[in-house]
Amino acid sequence: MRCALAGAQTGMAKWTAALIWSLSWLLAWQAQAAVDIATPSTVINPAPQVAVLEDETAQLGIEQILEQAEALPWQMLEQEVPNFGFTHSAWWLKLELANASHAPLRRLLELASPLPDFIDAYAVDAEGRVLQQWSTGSRRPFASRPVRHHSFVLPVHIGANETRHVYLRLASHDGLVPALPMLLMDDASFLQRTQSELMAYSVLYGGLLALLLYNLLTFVATREKAFLHSVFYLGAFLLFNLSLRGFGYQFLWPEWPRFNQQVLLLSAGLLYVALTLFSLDYLSLKRQAPRLAKGLVALTGLLVLSVLPSLADRFAWALRALVPLSIGYALLLLGASAWLSFKGDRLARIFLLGWSGLLAGSVLYALRLGGFVPYGLATEYALELGAGFGFLLLAFGLACKINYLKRAKLEAERETYELQRTLNHQLETKVHQRTQELEQANHKLAAMVRTDPLTGLLNRRQFETLINEEIQRRQRDGKPLLFAMMDIDDFKLFNDTYGHQAGDQVLIEVADLLKAHFRRAGDRLFRLGGEEFGILLEADSLEAGRYALERFRHALQQLQIPHEASRHGVVTGSFGLVCCSDYDQVPAAMAIYRQADQAMYEAKQISRNRVVTRSLMEEV
């Protein structure tokens with residue numbers, strides 16, 4: 001008895017549940033009213049009349065949908081915009097269009113998002129026949145779109161006094177079905193809307209490109225990294241927006257659907273990197289808030305890592321990580337700029353205002369996609385309006401930054417100038433003294449390099465340099481060159497007899513006598529080593545040179561410096577004089593040195609204390 005009663009109760013429960021489900025489905029079906037398309041020049045959001053069906057197995061085709069239409073659990077869409085988010089199910093949308101006029105009509109159903117992976121659409125008449133069919137989506141070639149447009153536009157034809165059921169199947173590649181705003185309009189309204197849209201985007205992209213080029217040229221002129229970072233930031237945003245709005249797929253890479261999917265998230269990662277570089281430089285975060293700067297860099301690294309799965313065709317994974325990280329990034333940057341603004345940083349205030357405008361536009365656009373705010377020009381283009389407002393403010397901020405840096409530079413230059421004046425005033429006397437000391441030291445150093453330290457005469461290195469120059473000059477002028485070698489007679493015996501100190505004194509006295517006798521502007525005196533001296537004479541003939549040397553030889557002998565080991569009893573000298581006008585025989589200093597040395601050797605061989613001459617004349 002109890003079993004029978006339990007069975008009866010179970011049966012009644014099943015029938016009751018079935019009746020409730022049937023009534024709810026019937027009410028939902030009746031609630032799906034047809035959209036009247038007879039009114040021209042209107043743009044309709046058909047979402048209130050759209051029914052939705054979730055296909056968890058993603059196996060249902062249009063045939064099964066049409067065969068089981070009355071048995072399937074269709075539900076009315078409760079949003080302004082179909083938005084199913086992260087899901088592996090396929091979603092069917094059903095919409096009824098009614099043409100109550102006496103003429104056939106064409107209406108364009110725009111699915112105003114370029115992001116859905118797979119869209120299959122069918123136009124079905126009242127008898128269940130598929131009259132039109134489309135298969136498109138962002139993962140299918142751009143040529144699959146029935147109308148060449150950056151979003152998906154389906155041209156639906158409805159006969160006079162007829163209705164059409166439009167079925168849309170939305171499916172994803174890896175578990176994400178994005179929001180899909182729907183608009184229904186005639187050709188004239190679509191043309192007007194498209195023209196207005198292209199005009200708006202042309203102004204936006206043109207303005208951003210102009211700003212990008214201006215910042216690039218300003219960077220070239222000023223070398224300020226902030227302008228280069230702004231160029232990177234503007235370029236990344238342009239690439240991201242072109243991908244997000246579908247213009248990139250339409251105009252730049254229509255044959256690369258997989259790349260079209262990847263470039264959206266990769267450009268988002270690039271945008272975060274560019275914004276971080278710009279923010280660090282513009283706000284001087286490393287100097288003013290080093291911890292915030294490190295946190296921003298670390299968060300940017302995580303954002304870049306989060307978009308990398310898109311390279312492996314895993315976009316849902318990337319977005320699951322990207323969304324919360326993006327929110328954290330936005331709040332961190334907002335907090336950093338607000339904190340610096342509170343501290344009185346004017347540039348941070350401009351950044352805060354611009355960043356707030358961009359965030360407000362992004363949030364409003366996201367709410368528009370989610371159906372939380374109604375469609376309108378302000379909500380549809382909120383992202384671009386916020387970005388444009390932000391970029392203009394940041395451009396103004398960059399100009400202020402350059403002006404600030406210019407003023408700081410001028411102030412630093414003024415302070416430096418005053419400091420320099422003070423230091424110059426204090427150090428002027430010391431600098432003058434040190435300059436004199438340095439000049440004296442330089443003269444001494446030059447003299448030490450050029451002269452013999454004992455006698456003060458030019459040394460052997462100067463002999464070679466000056467004689468070579470003199471040979472070239474006199475050969476060029478056609479004048480003879482006179483050079484004499486002198487050697488103190490029996491100087492080794494003098495050192496052995498009187499000591500090296502006395503010998504050095506003799507060298508000094510001989511050098512002083514040379515300086516007293518050879519004082520003409522062209523005369524040059526050299527100590528060539530030991531007791532050997534060289535004399536470059538400013539004379540025009542062999543006779544004049546010999547006369548000058550004889551006068552010196554006599555004067556040396558008249559000094560009467562005792563020299564017991566010499567046959568003359570006093571210090572004397574032997575001379576070899578060369579007069580040369582044939583420079584082929586003496587092309588360099590060492591050649592004329594050897595000629596004079598040989599003549600001096602002859603004087604020593606004869607009797608010492610005499611002058612031997614040698615003439616090297618050109619043959620006529």
# chains A, B, ... in the order shown; residues from 1 in each chain; ligands from 1
call {"tool": "select_by_dssp", "arguments": {"residues": "segment 469-515 of chain A", "states": "helix (DSSP H, G or I)", "output": "JSON, numbers by chain"}}
result
{"A": [469, 470, 471, 472, 473, 474, 475, 476, 477, 491, 492, 493, 494, 495, 496, 497, 498, 500, 501, 502, 503, 504, 505, 506, 507, 508, 509, 510, 511, 512, 513, 514, 515]}
call {"tool": "closest_atom_pairs", "arguments": {"of": "segment 552-592 of chain A", "to": "segment 483-487 of chain A", "cutoff": "12 Å", "atoms": "only C-alpha atoms", "output": "tab-separated table"}}
result
residue	atom	partner	partner_atom	distance
A:Phe552	CA	A:Met486	CA	10.7
A:Arg553	CA	A:Met486	CA	9.6
A:Leu556	CA	A:Met486	CA	11.6
A:Val571	CA	A:Asp487	CA	10.8
A:Thr572	CA	A:Asp487	CA	8.7
A:Gly573	CA	A:Asp487	CA	5.6
A:Ser574	CA	A:Asp487	CA	5.4
A:Phe575	CA	A:Met486	CA	4.5
A:Gly576	CA	A:Met485	CA	5.1
A:Leu577	CA	A:Ala484	CA	4.2
A:Val578	CA	A:Phe483	CA	5.4
A:Cys579	CA	A:Phe483	CA	6.8
A:Cys580	CA	A:Phe483	CA	8.5
A:Ser581	CA	A:Phe483	CA	11.7
A:Val586	CA	A:Phe483	CA	11.5
A:Ala589	CA	A:Phe483	CA	10.1
A:Met590	CA	A:Phe483	CA	11.6
A:Ala591	CA	A:Phe483	CA	11.3
A:Ile592	CA	A:Phe483	CA	7.6
call {"tool": "closest_residue", "arguments": {"among": "A:Leu93, A:Leu394, A:Val263, A:Ala221", "to": "Gly246 of chain A", "atoms": "only C-alpha atoms"}}
result
A:Val263
call {"tool": "select_by_dssp", "arguments": {"residues": "segment 419-485 of chain A", "states": "strand (DSSP E or B)", "output": "list of chain:residue names"}}
result
A:Thr451, A:Leu458, A:Leu481, A:Leu482, A:Phe483, A:Ala484, A:Met485
call {"tool": "atom_distance", "arguments": {"atom1": "atom CA of Ser541 of chain A", "atom2": "atom CA of Asn609 of chain A"}}
result
22.0 Å
call {"tool": "residues_around", "arguments": {"residues": "Leu264 of chain A", "least_positions_apart": "2", "cutoff": "8 Å", "atoms": "only C-alpha atoms", "output": "VMD selection string"}}
result
chain A and resid 240 243 to 244 260 to 262 266 to 268
call {"tool": "closest_residue", "arguments": {"among": "A:Leu385, A:Val307, A:Ala69, A:Leu528", "to": "Tyr593 of chain A", "atoms": "only C-alpha atoms"}}
result
A:Leu528
call {"tool": "closest_residue", "arguments": {"among": "A:Ala539, A:Val506, A:Ala596, A:Ala412", "to": "His563 of chain A", "atoms": "only C-alpha atoms"}}
result
A:Val506
call {"tool": "decode", "arguments": {"residues": "segment 423-441 of chain A", "atoms": "N, CA, C and O atoms", "output": "PDB file, in the first residue's frame"}}
result
ATOM      1  N   LEU A 423      83.901  81.632  -6.933  1.00  0.00           N
ATOM      2  CA  LEU A 423      85.155  80.878  -6.939  1.00  0.00           C
ATOM      3  C   LEU A 423      86.236  81.588  -7.739  1.00  0.00           C
ATOM      4  O   LEU A 423      87.404  81.608  -7.344  1.00  0.00           O
ATOM      5  N   ASN A 424      85.840  82.174  -8.870  1.00  0.00           N
ATOM      6  CA  ASN A 424      86.818  82.897  -9.680  1.00  0.00           C
ATOM      7  C   ASN A 424      87.410  84.079  -8.910  1.00  0.00           C
ATOM      8  O   ASN A 424      88.606  84.363  -8.998  1.00  0.00           O
ATOM      9  N   HIS A 425      86.516  84.767  -8.173  1.00  0.00           N
ATOM     10  CA  HIS A 425      86.983  85.902  -7.389  1.00  0.00           C
ATOM     11  C   HIS A 425      87.965  85.447  -6.304  1.00  0.00           C
ATOM     12  O   HIS A 425      88.970  86.108  -6.047  1.00  0.00           O
ATOM     13  N   GLN A 426      87.638  84.330  -5.679  1.00  0.00           N
ATOM     14  CA  GLN A 426      88.486  83.834  -4.593  1.00  0.00           C
ATOM     15  C   GLN A 426      89.790  83.243  -5.103  1.00  0.00           C
ATOM     16  O   GLN A 426      90.832  83.343  -4.456  1.00  0.00           O
ATOM     17  N   LEU A 427      89.740  82.640  -6.260  1.00  0.00           N
ATOM     18  CA  LEU A 427      90.904  81.895  -6.740  1.00  0.00           C
ATOM     19  C   LEU A 427      91.703  82.631  -7.807  1.00  0.00           C
ATOM     20  O   LEU A 427      92.676  82.083  -8.339  1.00  0.00           O
ATOM     21  N   GLU A 428      91.277  83.859  -8.131  1.00  0.00           N
ATOM     22  CA  GLU A 428      91.919  84.561  -9.235  1.00  0.00           C
ATOM     23  C   GLU A 428      93.421  84.742  -8.977  1.00  0.00           C
ATOM     24  O   GLU A 428      94.262  84.483  -9.848  1.00  0.00           O
ATOM     25  N   THR A 429      93.757  85.208  -7.771  1.00  0.00           N
ATOM     26  CA  THR A 429      95.167  85.443  -7.438  1.00  0.00           C
ATOM     27  C   THR A 429      95.964  84.136  -7.467  1.00  0.00           C
ATOM     28  O   THR A 429      97.064  84.074  -8.031  1.00  0.00           O
ATOM     29  N   LYS A 430      95.365  83.097  -6.866  1.00  0.00           N
ATOM     30  CA  LYS A 430      96.067  81.815  -6.831  1.00  0.00           C
ATOM     31  C   LYS A 430      96.262  81.248  -8.233  1.00  0.00           C
ATOM     32  O   LYS A 430      97.327  80.700  -8.548  1.00  0.00           O
ATOM     33  N   VAL A 431      95.219  81.413  -9.045  1.00  0.00           N
ATOM     34  CA  VAL A 431      95.327  80.900 -10.417  1.00  0.00           C
ATOM     35  C   VAL A 431      96.423  81.644 -11.168  1.00  0.00           C
ATOM     36  O   VAL A 431      97.211  81.043 -11.919  1.00  0.00           O
ATOM     37  N   HIS A 432      96.490  82.978 -10.943  1.00  0.00           N
ATOM     38  CA  HIS A 432      97.526  83.760 -11.611  1.00  0.00           C
ATOM     39  C   HIS A 432      98.922  83.310 -11.154  1.00  0.00           C
ATOM     40  O   HIS A 432      99.845  83.147 -11.979  1.00  0.00           O
ATOM     41  N   GLN A 433      99.046  83.115  -9.849  1.00  0.00           N
ATOM     42  CA  GLN A 433     100.331  82.661  -9.323  1.00  0.00           C
ATOM     43  C   GLN A 433     100.689  81.281  -9.866  1.00  0.00           C
ATOM     44  O   GLN A 433     101.823  81.033 -10.288  1.00  0.00           O
ATOM     45  N   ARG A 434      99.694  80.397  -9.827  1.00  0.00           N
ATOM     46  CA  ARG A 434      99.958  79.037 -10.320  1.00  0.00           C
ATOM     47  C   ARG A 434     100.268  79.054 -11.822  1.00  0.00           C
ATOM     48  O   ARG A 434     101.080  78.251 -12.303  1.00  0.00           O
ATOM     49  N   THR A 435      99.615  79.966 -12.538  1.00  0.00           N
ATOM     50  CA  THR A 435      99.879  80.045 -13.973  1.00  0.00           C
ATOM     51  C   THR A 435     101.319  80.458 -14.233  1.00  0.00           C
ATOM     52  O   THR A 435     101.999  79.893 -15.108  1.00  0.00           O
ATOM     53  N   GLN A 436     101.769  81.486 -13.452  1.00  0.00           N
ATOM     54  CA  GLN A 436     103.161  81.908 -13.615  1.00  0.00           C
ATOM     55  C   GLN A 436     104.125  80.774 -13.261  1.00  0.00           C
ATOM     56  O   GLN A 436     105.120  80.537 -13.961  1.00  0.00           O
ATOM     57  N   GLU A 437     103.823  80.104 -12.149  1.00  0.00           N
ATOM     58  CA  GLU A 437     104.674  78.981 -11.755  1.00  0.00           C
ATOM     59  C   GLU A 437     104.672  77.884 -12.820  1.00  0.00           C
ATOM     60  O   GLU A 437     105.712  77.281 -13.116  1.00  0.00           O
ATOM     61  N   LEU A 438     103.497  77.653 -13.385  1.00  0.00           N
ATOM     62  CA  LEU A 438     103.397  76.619 -14.413  1.00  0.00           C
ATOM     63  C   LEU A 438     104.157  77.022 -15.667  1.00  0.00           C
ATOM     64  O   LEU A 438     104.829  76.187 -16.295  1.00  0.00           O
ATOM     65  N   GLU A 439     104.051  78.302 -16.030  1.00  0.00           N
ATOM     66  CA  GLU A 439     104.791  78.761 -17.204  1.00  0.00           C
ATOM     67  C   GLU A 439     106.295  78.609 -16.996  1.00  0.00           C
ATOM     68  O   GLU A 439     107.021  78.177 -17.891  1.00  0.00           O
ATOM     69  N   GLN A 440     106.743  79.010 -15.791  1.00  0.00           N
ATOM     70  CA  GLN A 440     108.165  78.867 -15.499  1.00  0.00           C
ATOM     71  C   GLN A 440     108.593  77.400 -15.546  1.00  0.00           C
ATOM     72  O   GLN A 440     109.655  77.058 -16.081  1.00  0.00           O
ATOM     73  N   ALA A 441     107.733  76.568 -14.947  1.00  0.00           N
ATOM     74  CA  ALA A 441     108.052  75.130 -14.961  1.00  0.00           C
ATOM     75  C   ALA A 441     108.060  74.584 -16.380  1.00  0.00           C
ATOM     76  O   ALA A 441     108.912  73.753 -16.739  1.00  0.00           O
TER      77      ALA A 441
END
